[in-house]
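Enquirer: Handing you this structure, nothing more for now.
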Amino acid sequence: MITGAQGSAEERQRASNQLLRTLTEAQADFIRGGNPREAFERMLAVVLELTGSESGVIGEVHQAPGSAPSFRVVASLPSNETNAPWELPVRSETPGREPRDLRTLVGTVSTSGEAVLCGGPGAERTFLGLPLESGGERLGVVGLANRPGGYDAELIDFLQPFLLVCGSLLIGCRHEQRHQRDEQELRRTEERSAERLRLVMESLVDGVWDLDLTTGQMFTNRRWMGMLGYDEGELESSFASWSMLCHPEDLPESMRVFNEYMADALPIIEREHRFRCKDGSWRWILSRARIVARDEQGRPLRMVGTNVDITARKLGEDRLRALVSTLPDMVFRIGADGTYRDFHANNNKELLLPPERIIGTNMRDLPLSKPLLDKALMHLARAIREGTLEVFEYVLDMPQSGRTHYEVRLTRSAPDEVISIIRDITERKLAEERLLQQEEELRRHRDSLEELVRTRSEKLLQATLELEEQQSQLIQTEKMASLGQMAAGVAHEINNPVSYVMSNLGSLDQYFSSLAPLMQLQRELLAPQQEESSGVTAEILARMRELWQREDVEYILGDLPELIEESLAGTRRIKEIAQSLRSFAREDSGEPQLVDVNAELASTLKIVWNELKYKCEVKRDFGPLPPVSCHPTQIAQVFTNLLINAAQAIETRGEIRIRTRHEGNEVVVEVADTGKGMTQETISKLFTPFFTTKPRGQGTGLGLSVSYGIITRHKGRIDVQSEPGKGSTFIVRLPAAQR
């Protein structure tokens, strides 16, 4: 153990040599790949021995961006002192306070970046903290504790080689760790890339192969053999297998293309050839390949290629070729300058040049007129420039077929090329001419037919007007028939009020005869000359009292108001019946009117009441209704027919229910009876003109037919619900007037 200033120079030299030897051995072990922790612990043990310290620690300071620095122990003795390895948040100690242990010592040195020396001779605990730095970068801390006699500056100088070696080893460890992380990341990246490449290779629908040109071995994906029906591993992946599978007729040409490419005569290998499948059939394969690696002398080492199954396309081309061969049209491939590049024609007689001279010839050299040539070149240029479908027609005088019409269709097939389809349309043109002639003839026939239709339309209009007049007359006739049918009842209805009015008038006549003498006496009493004779007046009064009692004037005066009121009521009843009859019998005006349906029903009931009151009880359920735009007399006729029919359907005594309501945009009127009802067969014929279920001579069969026509003309509808023995319900629906 060195003793500082008290030690001899020889002791210090031995200690220095021992430290340097230990440092050299530790560096050598580290370079040979030894464990860094063991090297640090060996150096720390020698330092503790040489300095006489009880414990010590060597640690590395880590400063992550955005976080507080941390301390990682790389060596500590004794190990239970620091419970290595441990991490310590670096903290600043309060100025003036000495560290209590190695942890606080390390924190103080890590924060300040300066050596910390505390405690002296006689102190209870002594500490020495030294920073480890290299190139201005703070690497770590060395801490020593409890050296007898304390620590001094000379000891710090003695430990400088130790500090340098620790710093260099920490830098080496960091470089080694970074190198290991980089290698691991590179391996992970290569593994991911290889996995992605494998997944891509396996997911490709095309066959992919990699040929080693030096060994002839091939790396292929599953699709390379799978498209031929082979499972993986059934055939050897080699150039020899490829040659064996290639069709014997295609192999020589394929080898020629391969050799030309290897001689740099072709930029890429692209070849269509047939390959034999496992089941013995042949499939067309498109192979594309190129060299991807060469040696230093430029000799090819690797070739990568793809195989695409084009069997479906080849079959489609064969079908298309067969289809084109059946087309009667001429098909040309024409360049932008007007040069013919390819053609197809089933009839060479339609060509303007011999077939062998067409390819390479410009259309300007054809025997065409200048206007036709300019027209063709204009459409050719527009088809290439704008990509539109160009269609035009022309006429040629052919030597064998004479005047011939052609239609040309041009469409762009490449940036500098069009496909031209030329069709002989002579037959179509002749058909169009015949069609024009037929159209002219049809036009003449159409004109004559239109004149005939116009004449007949005028006659039909006249007949329609006459029919409408007859229909109006028929409605009026049916209305009059209804009036005739109701005449007796109406007469009876009028006779009742007339009878009691006449009776009341007779009573009034008698009352007048009784009151006339009394009135005469009253007149004499009121004469001026009677005012002077009191005796005469008393006589007149006595006679008046006698007449008053004898004629029972008190009774007459009490009965007179009642007689007058009854007579007035009777005359009003007669007036109402007369007005209802006049309204029912009047002719409709041309314009519809806004009508209260409830009022029309009430008026109709007054007219037909005599037909109803002896056979049924009428129950009304009138709801609030909007007005209806209609012809009121026609609607009244419908209600009259429905009410009379309902009464006639009741054989003895029954009930008629009249209900009105407002549903949506419609006014609904229901007339229900408790009569004998109808069968479905009767209902199906109910609105047929002249159909009736009444005995002969008791019905015209026009009432419901006319009613149906009236409701239909008012854009409404009438429905019937009935069962035998359960009565019938007629439902009339009329559109409400728009406000």
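Note on naming: chains are A, B, ... as they come in the structure tokens, residues start from 1 per chain, ligands start from 1 in the order shown.
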Would you please extract all alpha helix (DSSP H) residues from segment 13-56 of chain A, as assigned by DSSP on the backbone, and give them as a ChimeraX atom specification?

Expert: /A:13-31,36-51

Enquirer: I'd like the neighbourhood of Arg37 of chain A as a PDB file with N, CA, C and O atoms, in the first residue's frame, where a residue qualifies if any of its atoms comes within 7 Å (using only C-alpha atoms), though same-chain residues fewer than 2 positions away should be ignored.

Expert:
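File written: part-v8.pdb
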```pdb
ATOM      1  N   ASN A  35     -14.388 -10.287 -20.607  1.00  0.00           N
ATOM      2  CA  ASN A  35     -15.547  -9.663 -19.987  1.00  0.00           C
ATOM      3  C   ASN A  35     -15.135  -8.308 -19.430  1.00  0.00           C
ATOM      4  O   ASN A  35     -14.240  -8.216 -18.573  1.00  0.00           O
ATOM      5  N   ALA A  39     -12.623  -7.050 -15.972  1.00  0.00           N
ATOM      6  CA  ALA A  39     -11.441  -6.181 -16.074  1.00  0.00           C
ATOM      7  C   ALA A  39     -11.565  -5.000 -15.122  1.00  0.00           C
ATOM      8  O   ALA A  39     -10.598  -4.621 -14.426  1.00  0.00           O
ATOM      9  N   PHE A  40     -12.760  -4.375 -15.079  1.00  0.00           N
ATOM     10  CA  PHE A  40     -12.948  -3.242 -14.165  1.00  0.00           C
ATOM     11  C   PHE A  40     -12.806  -3.689 -12.714  1.00  0.00           C
ATOM     12  O   PHE A  40     -12.192  -2.982 -11.878  1.00  0.00           O
ATOM     13  N   GLU A  41     -13.380  -4.845 -12.375  1.00  0.00           N
ATOM     14  CA  GLU A  41     -13.287  -5.305 -10.993  1.00  0.00           C
ATOM     15  C   GLU A  41     -11.834  -5.613 -10.613  1.00  0.00           C
ATOM     16  O   GLU A  41     -11.411  -5.345  -9.475  1.00  0.00           O
ATOM     17  N   VAL A  74     -20.498  -0.408 -13.041  1.00  0.00           N
ATOM     18  CA  VAL A  74     -19.815  -1.425 -13.839  1.00  0.00           C
ATOM     19  C   VAL A  74     -18.900  -2.298 -12.968  1.00  0.00           C
ATOM     20  O   VAL A  74     -18.556  -3.411 -13.346  1.00  0.00           O
ATOM     21  N   ALA A  75     -18.507  -1.784 -11.799  1.00  0.00           N
ATOM     22  CA  ALA A  75     -17.693  -2.583 -10.865  1.00  0.00           C
ATOM     23  C   ALA A  75     -17.803  -1.947  -9.493  1.00  0.00           C
ATOM     24  O   ALA A  75     -17.811  -0.718  -9.351  1.00  0.00           O
TER      25      ALA A  75
END
```

Enquirer: Between A:Leu213, A:Ile58, A:Ala265, A:Val597, which has the minimum distance to Leu170 of chain A (counting only C-alpha atoms)?

Expert: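 Checking each of A:Leu213, A:Ile58, A:Ala265, A:Val597 against Leu170 of chain A, counting only C-alpha atoms, the winner is A:Ile58.
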
Enquirer: With only C-alpha atoms as the basis for distance, which of A:Leu377, A:Leu368, A:Ile156, A:Met303 is at the shortest distance from Ile334 of chain A?

Expert: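 Smallest separation from Ile334 of chain A among the options: A:Leu377.
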
Enquirer: Separation of atom CA of Asn362 of chain A and atom CA of Ala336 of chain A, in Å?

Expert: 10.3 Å

Enquirer: Could you give me, as a PyMOL selection string, the residues within 8 Å of Leu518 of chain A, counting only C-alpha atoms and dropping anything in the same chain fewer than 4 positions from it?

Expert: chain A and resi 514+522+544+547-548

Enquirer: Restrict the selected residues to C-alpha atoms and save them as a compact mmCIF listing (two decimals), in the first residue's frame.

Expert:
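What ended up in again-v7.txt:
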```txt
# COMPACT_ATOMS: atom_id res chain seq x y z
CA SER A 514 -168.92 36.01 -33.84
CA GLN A 522 -167.73 48.99 -30.35
CA MET A 544 -171.55 44.28 -25.61
CA LEU A 547 -172.44 39.39 -26.80
CA TRP A 548 -169.03 38.87 -25.13
```

Enquirer: Determine the nearest neighbour of Lys375 of chain A from the options A:Asp673, A:Glu390, A:Glu562, A:Glu666, counting only C-alpha atoms.

Expert: A:Glu390

Enquirer: Nearest to Ile710 of chain A: which of A:Ala649, A:Leu605, A:Leu44, A:Ile635 is it, counting only C-alpha atoms?

Expert: A:Ile635

Enquirer: Would you please extract all strand (DSSP E) residues from segment 185-366 of chain A, as assigned by DSSP on the backbone, and give them as an MDAnalysis selection string?

Expert: chainID A and resid 207:212 218:220 269:276 282:294 300:309 330:335 340:344

Enquirer: Name the closest residue to Cys173 of chain A among the candidates A:Ala431, A:Ile31, A:Leu505, A:Val331; distances are taken between atoms, counting only C-alpha atoms.

Expert: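 Between A:Ala431, A:Ile31, A:Leu505, A:Val331, the residue approaching Cys173 of chain A most closely is A:Ile31.
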
Enquirer: Go ahead and compute the interatomic distance for atom CA of Pro626 of chain A and atom CA of Val669 of chain A, in Å to one decimal.

Expert: 12.7 Å
